[in-house]
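Down below is the structure, laid out as structure tokens.
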Amino acid sequence: MSGQIIKQKIEQASRILNEKNIDLWLTFVRETDSIKDPAMEMIAGVGCTWQSALIVSKDGDSTAIVGEYDVENFRRFTPFQDVIGYVKSIKEPLIEYLKIKDPKKIAVNFSKNSNLADGLTHGMYLILSDHLRGTEFLSMLTSSEEIISALRGRKSKTELEILKYAVDETLKIFDEIKYLIKPGKSEIEIAESVKEITKKRGYELSWEEDYCPAIFTGPEAKSAHAAPSKRKVEKGHLVNADFGIKCKGYCSDLQRTWYVLKDGEIEAPAEVQKGFDVIKDSIQKVADNLKPGVSGLEMDTIARDYITSKGYNEFPHGLGHQVGKAAHDGGGGFYPEWEKYGNLPFLKIEASQVYTIEPRLYVEGYGTATIEEEVVVTETGCEFISVPQKQLILIR
């Protein structure tokens, strides 16, 4: 992330603290080369060695309390207004800072609901508690998940421009995948070709190389997120790809579906076309209803109910997630009311958040039909960042 965007994010964090009525946001970390807190790339861009407290205040102040050897890097490469170094213990400068600020609520980097706000290890939580024991500050600690959710979710104009560029470049690669899909080619062979194209163009993959891209062909294809296999494309297969690139520190995440025509076919069988159309229409129905203030649960329900009303089983995952610095970003998403999602399905959608919409269904005897699009929430609705797939792509 560029220094300009990091500076913007720290300023944005201060505004969010005022909105949420939280006095301080404290990210407590150490040895970040090996144990990475997801917030670090948003507010620092450099690592820490010793115990470090990166603090943003609702009054606009930003202060980093770091080990002496990290002071120079923080002063040179981060936008923190004040950098305080220590040698023996962070406890004294941290408590002194807190006494000056006199906060009533301190958001700290732990969370039950959001992995992106849960960078504080249990050991570090115990250390922080030891440092604050005997002071009133220990009772003021609360989760930073609201701060992180808003900070990662609300994209700036610059961030949106980068995300749109990443999507455009990803779609160009998807255009080439059509020519890679041939009867007799394996999922692995197709995936390796996509990786080669991506690297030649100077981009990283959005997630682990083992299953980015994820390629699935035919009725016996594995479930979403599975690595490509030696399974080969055959005529009469539905083929789909789940793929994204990382560009300038931001990710894309899209899916497309193709059908490999059998000998003598000039169009897909009716049941295949129906499955594709149901997926396409479910995405549009969500887009037509998406706007600030609705919940992710409401959006998931629209697609889920429509697909099951057409006679298909419900998809075994959430309808969509936020995209940004990570392929799965932000806090809330388009999730069903399942225990594993905690409170995330009930969070309200906000303007300038970017989401995927990715339903799927199984077409008996042919494989999976799925599309994944990206949309940005506007003040009054949403706009597609990706050019939606409206037609089932036929492989001859």
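Note on naming: chains are A, B, ... as they come in the structure tokens, residues start from 1 per chain, ligands start from 1 in the order shown.
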* To do: With a distance cut-off of 12 Å and only C-alpha atoms, select the neighbouring residues of Ile127 of chain A, excluding the residue or stretch itself and same-chain residues fewer than 2 positions from it, and output the selection as a list in words.
  =>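 Neighbouring residues, sequence-local ones excluded: Phe28, Val29, Arg30, Gln51, Ser52, Ser89, Ile90, Lys91, Leu120, Thr121, His122, Gly123, Met124, Tyr125, Ser129, Asp130, His131, Leu132, Arg133 and Leu138 of chain A.
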Could you please take those selected residues and save N, CA and C atoms as a PDB file, in the first residue's frame?
ATOM      1  N   PHE A  28      -1.613  -3.760  18.984  1.00  0.00           N
ATOM      2  CA  PHE A  28      -0.478  -4.224  19.800  1.00  0.00           C
ATOM      3  C   PHE A  28       0.149  -5.432  19.123  1.00  0.00           C
ATOM      4  N   VAL A  29       1.417  -5.324  18.730  1.00  0.00           N
ATOM      5  CA  VAL A  29       2.061  -6.360  17.915  1.00  0.00           C
ATOM      6  C   VAL A  29       3.520  -6.552  18.332  1.00  0.00           C
ATOM      7  N   ARG A  30       4.105  -7.624  17.786  1.00  0.00           N
ATOM      8  CA  ARG A  30       5.547  -7.858  17.899  1.00  0.00           C
ATOM      9  C   ARG A  30       5.955  -8.831  16.786  1.00  0.00           C
ATOM     10  N   GLN A  51       7.767  -5.540  21.154  1.00  0.00           N
ATOM     11  CA  GLN A  51       6.382  -5.160  21.430  1.00  0.00           C
ATOM     12  C   GLN A  51       6.160  -3.714  20.989  1.00  0.00           C
ATOM     13  N   SER A  52       5.090  -3.512  20.230  1.00  0.00           N
ATOM     14  CA  SER A  52       4.829  -2.186  19.667  1.00  0.00           C
ATOM     15  C   SER A  52       3.358  -1.845  19.804  1.00  0.00           C
ATOM     16  N   SER A  89      11.380  -1.702  28.240  1.00  0.00           N
ATOM     17  CA  SER A  89       9.974  -2.122  28.349  1.00  0.00           C
ATOM     18  C   SER A  89       9.066  -1.070  27.738  1.00  0.00           C
ATOM     19  N   ILE A  90       8.036  -1.547  27.043  1.00  0.00           N
ATOM     20  CA  ILE A  90       7.050  -0.633  26.476  1.00  0.00           C
ATOM     21  C   ILE A  90       6.060  -0.151  27.526  1.00  0.00           C
ATOM     22  N   LYS A  91       6.029  -0.802  28.668  1.00  0.00           N
ATOM     23  CA  LYS A  91       5.013  -0.521  29.667  1.00  0.00           C
ATOM     24  C   LYS A  91       4.983   0.956  30.076  1.00  0.00           C
ATOM     25  N   LEU A 120      -4.331  -9.914  17.430  1.00  0.00           N
ATOM     26  CA  LEU A 120      -3.705 -10.009  18.753  1.00  0.00           C
ATOM     27  C   LEU A 120      -3.697 -11.462  19.212  1.00  0.00           C
ATOM     28  N   THR A 121      -2.505 -12.025  19.393  1.00  0.00           N
ATOM     29  CA  THR A 121      -2.434 -13.399  19.884  1.00  0.00           C
ATOM     30  C   THR A 121      -2.818 -13.437  21.358  1.00  0.00           C
ATOM     31  N   HIS A 122      -3.141 -14.631  21.832  1.00  0.00           N
ATOM     32  CA  HIS A 122      -3.523 -14.753  23.243  1.00  0.00           C
ATOM     33  C   HIS A 122      -2.356 -14.352  24.143  1.00  0.00           C
ATOM     34  N   GLY A 123      -1.159 -14.735  23.740  1.00  0.00           N
ATOM     35  CA  GLY A 123       0.008 -14.363  24.540  1.00  0.00           C
ATOM     36  C   GLY A 123       0.186 -12.859  24.626  1.00  0.00           C
ATOM     37  N   MET A 124      -0.003 -12.182  23.493  1.00  0.00           N
ATOM     38  CA  MET A 124       0.139 -10.720  23.500  1.00  0.00           C
ATOM     39  C   MET A 124      -0.983 -10.054  24.296  1.00  0.00           C
ATOM     40  N   TYR A 125      -2.156 -10.650  24.276  1.00  0.00           N
ATOM     41  CA  TYR A 125      -3.244 -10.107  25.093  1.00  0.00           C
ATOM     42  C   TYR A 125      -2.888 -10.212  26.583  1.00  0.00           C
ATOM     43  N   SER A 129      -2.387  -7.096  29.090  1.00  0.00           N
ATOM     44  CA  SER A 129      -3.125  -7.065  30.359  1.00  0.00           C
ATOM     45  C   SER A 129      -2.186  -6.885  31.533  1.00  0.00           C
ATOM     46  N   ASP A 130      -1.037  -7.558  31.480  1.00  0.00           N
ATOM     47  CA  ASP A 130      -0.040  -7.391  32.552  1.00  0.00           C
ATOM     48  C   ASP A 130       0.455  -5.946  32.609  1.00  0.00           C
ATOM     49  N   HIS A 131       0.712  -5.358  31.443  1.00  0.00           N
ATOM     50  CA  HIS A 131       1.180  -3.967  31.408  1.00  0.00           C
ATOM     51  C   HIS A 131       0.155  -3.017  32.023  1.00  0.00           C
ATOM     52  N   LEU A 132      -1.125  -3.288  31.768  1.00  0.00           N
ATOM     53  CA  LEU A 132      -2.180  -2.355  32.195  1.00  0.00           C
ATOM     54  C   LEU A 132      -2.770  -2.691  33.551  1.00  0.00           C
ATOM     55  N   ARG A 133      -2.396  -3.851  34.103  1.00  0.00           N
ATOM     56  CA  ARG A 133      -2.959  -4.256  35.392  1.00  0.00           C
ATOM     57  C   ARG A 133      -2.611  -3.221  36.468  1.00  0.00           C
ATOM     58  N   LEU A 138      -7.182  -1.106  31.806  1.00  0.00           N
ATOM     59  CA  LEU A 138      -7.449  -2.512  31.498  1.00  0.00           C
ATOM     60  C   LEU A 138      -8.942  -2.758  31.279  1.00  0.00           C
TER      61      LEU A 138
END
May I have a table of the residues of segment 201-270 of chain A lying at most 10 Å from segment 190-193 of chain A, giving each one's closest pair of atoms and their distance in Å to one decimal, counting only C-alpha atoms, ordered by chain and ascending residue number, as CSV?
residue,atom,partner,partner_atom,distance
A:Glu209,CA,A:Ala191,CA,9.7
A:Asp210,CA,A:Ala191,CA,9.5
A:Tyr211,CA,A:Ala191,CA,8.5
A:Cys212,CA,A:Ala191,CA,7.6
A:Pro213,CA,A:Ala191,CA,5.8
A:Ala214,CA,A:Ala191,CA,7.1
A:Ile215,CA,A:Ala191,CA,6.5
A:Phe216,CA,A:Ala191,CA,9.9
A:Ala227,CA,A:Ala191,CA,9.4
A:Pro228,CA,A:Ala191,CA,7.0
A:Ser229,CA,A:Ala191,CA,9.5
A:Lys232,CA,A:Ile190,CA,9.8
A:Val233,CA,A:Ile190,CA,9.8
A:Ala241,CA,A:Ala191,CA,8.8
A:Phe243,CA,A:Ala191,CA,9.5
What would the file look like if the residues just selected were written as an mmCIF file, in the first residue's frame with N, CA and C atoms?
data_model
loop_
_atom_site.group_PDB
_atom_site.id
_atom_site.type_symbol
_atom_site.label_atom_id
_atom_site.label_comp_id
_atom_site.auth_asym_id
_atom_site.auth_seq_id
_atom_site.Cartn_x
_atom_site.Cartn_y
_atom_site.Cartn_z
ATOM 1 N N GLU A 209 -1.333 -20.007 -4.205
ATOM 2 C CA GLU A 209 -1.096 -20.502 -5.552
ATOM 3 C C GLU A 209 -1.627 -21.919 -5.753
ATOM 4 N N ASP A 210 -1.740 -22.687 -4.681
ATOM 5 C CA ASP A 210 -2.230 -24.063 -4.803
ATOM 6 C C ASP A 210 -3.621 -24.126 -5.427
ATOM 7 N N TYR A 211 -4.446 -23.121 -5.160
ATOM 8 C CA TYR A 211 -5.796 -23.152 -5.731
ATOM 9 C C TYR A 211 -6.235 -21.790 -6.279
ATOM 10 N N CYS A 212 -5.294 -21.031 -6.763
ATOM 11 C CA CYS A 212 -5.594 -19.810 -7.519
ATOM 12 C C CYS A 212 -4.816 -19.875 -8.831
ATOM 13 N N PRO A 213 -5.500 -20.156 -9.946
ATOM 14 C CA PRO A 213 -6.943 -20.294 -10.037
ATOM 15 C C PRO A 213 -7.427 -21.680 -9.613
ATOM 16 N N ALA A 214 -8.701 -21.731 -9.207
ATOM 17 C CA ALA A 214 -9.371 -23.006 -9.000
ATOM 18 C C ALA A 214 -10.146 -23.309 -10.279
ATOM 19 N N ILE A 215 -9.877 -24.449 -10.869
ATOM 20 C CA ILE A 215 -10.522 -24.858 -12.114
ATOM 21 C C ILE A 215 -11.343 -26.119 -11.845
ATOM 22 N N PHE A 216 -12.582 -26.135 -12.309
ATOM 23 C CA PHE A 216 -13.460 -27.280 -12.071
ATOM 24 C C PHE A 216 -14.123 -27.699 -13.376
ATOM 25 N N ALA A 227 -8.075 -27.496 -4.859
ATOM 26 C CA ALA A 227 -7.005 -27.285 -5.836
ATOM 27 C C ALA A 227 -7.334 -27.997 -7.143
ATOM 28 N N PRO A 228 -6.859 -27.478 -8.268
ATOM 29 C CA PRO A 228 -7.073 -28.162 -9.552
ATOM 30 C C PRO A 228 -6.517 -29.585 -9.498
ATOM 31 N N SER A 229 -7.186 -30.494 -10.200
ATOM 32 C CA SER A 229 -6.795 -31.904 -10.189
ATOM 33 C C SER A 229 -6.390 -32.348 -11.590
ATOM 34 N N LYS A 232 -9.845 -34.333 -16.415
ATOM 35 C CA LYS A 232 -9.732 -33.744 -17.741
ATOM 36 C C LYS A 232 -11.085 -33.243 -18.258
ATOM 37 N N VAL A 233 -11.000 -32.169 -19.028
ATOM 38 C CA VAL A 233 -12.181 -31.614 -19.670
ATOM 39 C C VAL A 233 -12.722 -32.619 -20.687
ATOM 40 N N ALA A 241 -14.094 -21.397 -13.458
ATOM 41 C CA ALA A 241 -12.818 -20.961 -12.878
ATOM 42 C C ALA A 241 -13.077 -19.897 -11.832
ATOM 43 N N PHE A 243 -10.860 -17.146 -9.856
ATOM 44 C CA PHE A 243 -9.527 -16.593 -10.095
ATOM 45 C C PHE A 243 -9.494 -15.101 -9.770
#
Among segment 121-232 of chain A, which residues does DSSP mark as alpha helix (DSSP H) when it is run on the backbone? Keep the chain and numbering as in the structure and answer as a PDB file with N, CA and C atoms, in the first residue's frame.
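Saved to out-v9.pdb:
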ATOM      1  N   HIS A 122      -3.141 -14.631  21.832  1.00  0.00           N
ATOM      2  CA  HIS A 122      -3.523 -14.753  23.243  1.00  0.00           C
ATOM      3  C   HIS A 122      -2.356 -14.352  24.143  1.00  0.00           C
ATOM      4  N   GLY A 123      -1.159 -14.735  23.740  1.00  0.00           N
ATOM      5  CA  GLY A 123       0.008 -14.363  24.540  1.00  0.00           C
ATOM      6  C   GLY A 123       0.186 -12.859  24.626  1.00  0.00           C
ATOM      7  N   MET A 124      -0.003 -12.182  23.493  1.00  0.00           N
ATOM      8  CA  MET A 124       0.139 -10.720  23.500  1.00  0.00           C
ATOM      9  C   MET A 124      -0.983 -10.054  24.296  1.00  0.00           C
ATOM     10  N   TYR A 125      -2.156 -10.650  24.276  1.00  0.00           N
ATOM     11  CA  TYR A 125      -3.244 -10.107  25.093  1.00  0.00           C
ATOM     12  C   TYR A 125      -2.888 -10.212  26.583  1.00  0.00           C
ATOM     13  N   LEU A 126      -2.296 -11.332  26.968  1.00  0.00           N
ATOM     14  CA  LEU A 126      -1.891 -11.485  28.364  1.00  0.00           C
ATOM     15  C   LEU A 126      -0.807 -10.476  28.741  1.00  0.00           C
ATOM     16  N   ILE A 127       0.127 -10.246  27.814  1.00  0.00           N
ATOM     17  CA  ILE A 127       1.195  -9.270  28.067  1.00  0.00           C
ATOM     18  C   ILE A 127       0.610  -7.869  28.217  1.00  0.00           C
ATOM     19  N   LEU A 128      -0.298  -7.500  27.301  1.00  0.00           N
ATOM     20  CA  LEU A 128      -0.926  -6.180  27.390  1.00  0.00           C
ATOM     21  C   LEU A 128      -1.696  -6.044  28.696  1.00  0.00           C
ATOM     22  N   SER A 129      -2.387  -7.096  29.090  1.00  0.00           N
ATOM     23  CA  SER A 129      -3.125  -7.065  30.359  1.00  0.00           C
ATOM     24  C   SER A 129      -2.186  -6.885  31.533  1.00  0.00           C
ATOM     25  N   ASP A 130      -1.037  -7.558  31.480  1.00  0.00           N
ATOM     26  CA  ASP A 130      -0.040  -7.391  32.552  1.00  0.00           C
ATOM     27  C   ASP A 130       0.455  -5.946  32.609  1.00  0.00           C
ATOM     28  N   HIS A 131       0.712  -5.358  31.443  1.00  0.00           N
ATOM     29  CA  HIS A 131       1.180  -3.967  31.408  1.00  0.00           C
ATOM     30  C   HIS A 131       0.155  -3.017  32.023  1.00  0.00           C
ATOM     31  N   LEU A 132      -1.125  -3.288  31.768  1.00  0.00           N
ATOM     32  CA  LEU A 132      -2.180  -2.355  32.195  1.00  0.00           C
ATOM     33  C   LEU A 132      -2.770  -2.691  33.551  1.00  0.00           C
ATOM     34  N   GLU A 145     -13.106  -4.555  16.039  1.00  0.00           N
ATOM     35  CA  GLU A 145     -13.722  -5.060  14.807  1.00  0.00           C
ATOM     36  C   GLU A 145     -14.559  -4.011  14.092  1.00  0.00           C
ATOM     37  N   GLU A 146     -15.250  -3.137  14.847  1.00  0.00           N
ATOM     38  CA  GLU A 146     -16.029  -2.080  14.193  1.00  0.00           C
ATOM     39  C   GLU A 146     -15.117  -1.110  13.438  1.00  0.00           C
ATOM     40  N   ILE A 147     -13.962  -0.819  14.024  1.00  0.00           N
ATOM     41  CA  ILE A 147     -13.028   0.107  13.387  1.00  0.00           C
ATOM     42  C   ILE A 147     -12.469  -0.519  12.117  1.00  0.00           C
ATOM     43  N   ILE A 148     -12.009  -1.751  12.230  1.00  0.00           N
ATOM     44  CA  ILE A 148     -11.402  -2.447  11.092  1.00  0.00           C
ATOM     45  C   ILE A 148     -12.424  -2.643   9.974  1.00  0.00           C
ATOM     46  N   SER A 149     -13.635  -3.030  10.336  1.00  0.00           N
ATOM     47  CA  SER A 149     -14.674  -3.264   9.340  1.00  0.00           C
ATOM     48  C   SER A 149     -14.921  -2.006   8.515  1.00  0.00           C
ATOM     49  N   ALA A 150     -15.041  -0.881   9.190  1.00  0.00           N
ATOM     50  CA  ALA A 150     -15.288   0.376   8.485  1.00  0.00           C
ATOM     51  C   ALA A 150     -14.065   0.818   7.691  1.00  0.00           C
ATOM     52  N   LEU A 151     -12.893   0.669   8.287  1.00  0.00           N
ATOM     53  CA  LEU A 151     -11.668   1.154   7.655  1.00  0.00           C
ATOM     54  C   LEU A 151     -11.341   0.366   6.397  1.00  0.00           C
ATOM     55  N   ARG A 152     -11.472  -0.945   6.466  1.00  0.00           N
ATOM     56  CA  ARG A 152     -11.178  -1.780   5.303  1.00  0.00           C
ATOM     57  C   ARG A 152     -12.313  -1.730   4.288  1.00  0.00           C
ATOM     58  N   GLY A 153     -13.542  -1.541   4.778  1.00  0.00           N
ATOM     59  CA  GLY A 153     -14.684  -1.597   3.888  1.00  0.00           C
ATOM     60  C   GLY A 153     -14.909  -0.332   3.080  1.00  0.00           C
ATOM     61  N   LYS A 157     -11.508   6.924  -3.218  1.00  0.00           N
ATOM     62  CA  LYS A 157     -11.519   7.023  -4.676  1.00  0.00           C
ATOM     63  C   LYS A 157     -10.294   6.339  -5.264  1.00  0.00           C
ATOM     64  N   THR A 158      -9.148   6.539  -4.636  1.00  0.00           N
ATOM     65  CA  THR A 158      -7.911   5.906  -5.113  1.00  0.00           C
ATOM     66  C   THR A 158      -8.002   4.396  -5.035  1.00  0.00           C
ATOM     67  N   GLU A 159      -8.513   3.882  -3.921  1.00  0.00           N
ATOM     68  CA  GLU A 159      -8.651   2.438  -3.761  1.00  0.00           C
ATOM     69  C   GLU A 159      -9.599   1.861  -4.810  1.00  0.00           C
ATOM     70  N   LEU A 160     -10.706   2.541  -5.056  1.00  0.00           N
ATOM     71  CA  LEU A 160     -11.669   2.052  -6.040  1.00  0.00           C
ATOM     72  C   LEU A 160     -11.074   2.026  -7.441  1.00  0.00           C
ATOM     73  N   GLU A 161     -10.256   3.006  -7.748  1.00  0.00           N
ATOM     74  CA  GLU A 161      -9.607   3.027  -9.063  1.00  0.00           C
ATOM     75  C   GLU A 161      -8.682   1.824  -9.228  1.00  0.00           C
ATOM     76  N   ILE A 162      -7.946   1.492  -8.179  1.00  0.00           N
ATOM     77  CA  ILE A 162      -7.046   0.336  -8.245  1.00  0.00           C
ATOM     78  C   ILE A 162      -7.844  -0.958  -8.357  1.00  0.00           C
ATOM     79  N   LEU A 163      -8.918  -1.073  -7.575  1.00  0.00           N
ATOM     80  CA  LEU A 163      -9.745  -2.279  -7.614  1.00  0.00           C
ATOM     81  C   LEU A 163     -10.376  -2.464  -8.994  1.00  0.00           C
ATOM     82  N   LYS A 164     -10.832  -1.376  -9.595  1.00  0.00           N
ATOM     83  CA  LYS A 164     -11.432  -1.466 -10.934  1.00  0.00           C
ATOM     84  C   LYS A 164     -10.377  -1.908 -11.950  1.00  0.00           C
ATOM     85  N   TYR A 165      -9.179  -1.376 -11.823  1.00  0.00           N
ATOM     86  CA  TYR A 165      -8.108  -1.770 -12.746  1.00  0.00           C
ATOM     87  C   TYR A 165      -7.800  -3.258 -12.588  1.00  0.00           C
ATOM     88  N   ALA A 166      -7.739  -3.735 -11.338  1.00  0.00           N
ATOM     89  CA  ALA A 166      -7.453  -5.151 -11.092  1.00  0.00           C
ATOM     90  C   ALA A 166      -8.534  -6.034 -11.702  1.00  0.00           C
ATOM     91  N   VAL A 167      -9.791  -5.631 -11.591  1.00  0.00           N
ATOM     92  CA  VAL A 167     -10.887  -6.406 -12.184  1.00  0.00           C
ATOM     93  C   VAL A 167     -10.780  -6.416 -13.703  1.00  0.00           C
ATOM     94  N   ASP A 168     -10.500  -5.261 -14.291  1.00  0.00           N
ATOM     95  CA  ASP A 168     -10.369  -5.188 -15.751  1.00  0.00           C
ATOM     96  C   ASP A 168      -9.265  -6.110 -16.255  1.00  0.00           C
ATOM     97  N   GLU A 169      -8.133  -6.110 -15.560  1.00  0.00           N
ATOM     98  CA  GLU A 169      -7.018  -6.962 -15.974  1.00  0.00           C
ATOM     99  C   GLU A 169      -7.352  -8.447 -15.782  1.00  0.00           C
ATOM    100  N   THR A 170      -8.112  -8.741 -14.734  1.00  0.00           N
ATOM    101  CA  THR A 170      -8.521 -10.130 -14.500  1.00  0.00           C
ATOM    102  C   THR A 170      -9.452 -10.608 -15.605  1.00  0.00           C
ATOM    103  N   LEU A 171     -10.371  -9.770 -16.027  1.00  0.00           N
ATOM    104  CA  LEU A 171     -11.293 -10.141 -17.096  1.00  0.00           C
ATOM    105  C   LEU A 171     -10.554 -10.380 -18.414  1.00  0.00           C
ATOM    106  N   LYS A 172      -9.478  -9.648 -18.645  1.00  0.00           N
ATOM    107  CA  LYS A 172      -8.673  -9.888 -19.850  1.00  0.00           C
ATOM    108  C   LYS A 172      -8.068 -11.296 -19.817  1.00  0.00           C
ATOM    109  N   ILE A 173      -7.641 -11.709 -18.630  1.00  0.00           N
ATOM    110  CA  ILE A 173      -7.087 -13.064 -18.504  1.00  0.00           C
ATOM    111  C   ILE A 173      -8.196 -14.100 -18.665  1.00  0.00           C
ATOM    112  N   PHE A 174      -9.377 -13.810 -18.108  1.00  0.00           N
ATOM    113  CA  PHE A 174     -10.511 -14.724 -18.306  1.00  0.00           C
ATOM    114  C   PHE A 174     -10.829 -14.898 -19.789  1.00  0.00           C
ATOM    115  N   ASP A 175     -10.685 -13.836 -20.559  1.00  0.00           N
ATOM    116  CA  ASP A 175     -10.931 -13.949 -22.003  1.00  0.00           C
ATOM    117  C   ASP A 175     -10.004 -14.976 -22.642  1.00  0.00           C
ATOM    118  N   GLU A 176      -8.806 -15.102 -22.106  1.00  0.00           N
ATOM    119  CA  GLU A 176      -7.834 -16.055 -22.653  1.00  0.00           C
ATOM    120  C   GLU A 176      -8.101 -17.483 -22.183  1.00  0.00           C
ATOM    121  N   ILE A 177      -8.751 -17.615 -21.020  1.00  0.00           N
ATOM    122  CA  ILE A 177      -9.018 -18.960 -20.494  1.00  0.00           C
ATOM    123  C   ILE A 177      -9.894 -19.750 -21.465  1.00  0.00           C
ATOM    124  N   GLU A 187      -7.479 -29.989 -15.414  1.00  0.00           N
ATOM    125  CA  GLU A 187      -7.639 -28.779 -14.609  1.00  0.00           C
ATOM    126  C   GLU A 187      -6.281 -28.177 -14.260  1.00  0.00           C
ATOM    127  N   ILE A 188      -5.340 -29.020 -13.908  1.00  0.00           N
ATOM    128  CA  ILE A 188      -4.004 -28.539 -13.539  1.00  0.00           C
ATOM    129  C   ILE A 188      -3.337 -27.848 -14.720  1.00  0.00           C
ATOM    130  N   GLU A 189      -3.447 -28.421 -15.903  1.00  0.00           N
ATOM    131  CA  GLU A 189      -2.815 -27.819 -17.083  1.00  0.00           C
ATOM    132  C   GLU A 189      -3.389 -26.437 -17.373  1.00  0.00           C
ATOM    133  N   ILE A 190      -4.700 -26.319 -17.261  1.00  0.00           N
ATOM    134  CA  ILE A 190      -5.332 -25.014 -17.485  1.00  0.00           C
ATOM    135  C   ILE A 190      -4.873 -24.015 -16.427  1.00  0.00           C
ATOM    136  N   ALA A 191      -4.857 -24.463 -15.171  1.00  0.00           N
ATOM    137  CA  ALA A 191      -4.460 -23.576 -14.073  1.00  0.00           C
ATOM    138  C   ALA A 191      -3.018 -23.097 -14.238  1.00  0.00           C
ATOM    139  N   GLU A 192      -2.129 -23.986 -14.633  1.00  0.00           N
ATOM    140  CA  GLU A 192      -0.718 -23.602 -14.797  1.00  0.00           C
ATOM    141  C   GLU A 192      -0.563 -22.572 -15.911  1.00  0.00           C
ATOM    142  N   SER A 193      -1.345 -22.705 -16.967  1.00  0.00           N
ATOM    143  CA  SER A 193      -1.293 -21.730 -18.054  1.00  0.00           C
ATOM    144  C   SER A 193      -1.784 -20.364 -17.582  1.00  0.00           C
ATOM    145  N   VAL A 194      -2.825 -20.351 -16.762  1.00  0.00           N
ATOM    146  CA  VAL A 194      -3.338 -19.088 -16.229  1.00  0.00           C
ATOM    147  C   VAL A 194      -2.302 -18.425 -15.330  1.00  0.00           C
ATOM    148  N   LYS A 195      -1.636 -19.207 -14.509  1.00  0.00           N
ATOM    149  CA  LYS A 195      -0.584 -18.653 -13.639  1.00  0.00           C
ATOM    150  C   LYS A 195       0.537 -18.052 -14.470  1.00  0.00           C
ATOM    151  N   GLU A 196       0.892 -18.723 -15.538  1.00  0.00           N
ATOM    152  CA  GLU A 196       1.962 -18.224 -16.404  1.00  0.00           C
ATOM    153  C   GLU A 196       1.585 -16.892 -17.032  1.00  0.00           C
ATOM    154  N   ILE A 197       0.360 -16.790 -17.507  1.00  0.00           N
ATOM    155  CA  ILE A 197      -0.111 -15.534 -18.086  1.00  0.00           C
ATOM    156  C   ILE A 197      -0.075 -14.422 -17.041  1.00  0.00           C
ATOM    157  N   THR A 198      -0.551 -14.745 -15.840  1.00  0.00           N
ATOM    158  CA  THR A 198      -0.605 -13.754 -14.758  1.00  0.00           C
ATOM    159  C   THR A 198       0.784 -13.233 -14.422  1.00  0.00           C
ATOM    160  N   LYS A 199       1.736 -14.129 -14.273  1.00  0.00           N
ATOM    161  CA  LYS A 199       3.090 -13.718 -13.891  1.00  0.00           C
ATOM    162  C   LYS A 199       3.776 -12.935 -15.003  1.00  0.00           C
ATOM    163  N   LYS A 200       3.513 -13.308 -16.252  1.00  0.00           N
ATOM    164  CA  LYS A 200       4.106 -12.580 -17.378  1.00  0.00           C
ATOM    165  C   LYS A 200       3.617 -11.139 -17.414  1.00  0.00           C
TER     166      LYS A 200
END
* Would you list the contacts of Leu17 of chain A as a ChimeraX atom specification, taking every protein, DNA or RNA residue within 10 Å and counting only C-alpha atoms, but skipping same-chain residues closer than 6 positions in sequence? => /A:23-25,56-60,106-107,144,146-147,150
* **Non-local contacts of segment 274-289 of chain A (7 Å; only C-alpha atoms; under 3 positions in same chain excluded) as a ChimeraX atom specification** => /A:270-271,299,302-303,306-307,357,359-360,363,369-371,382,390,392
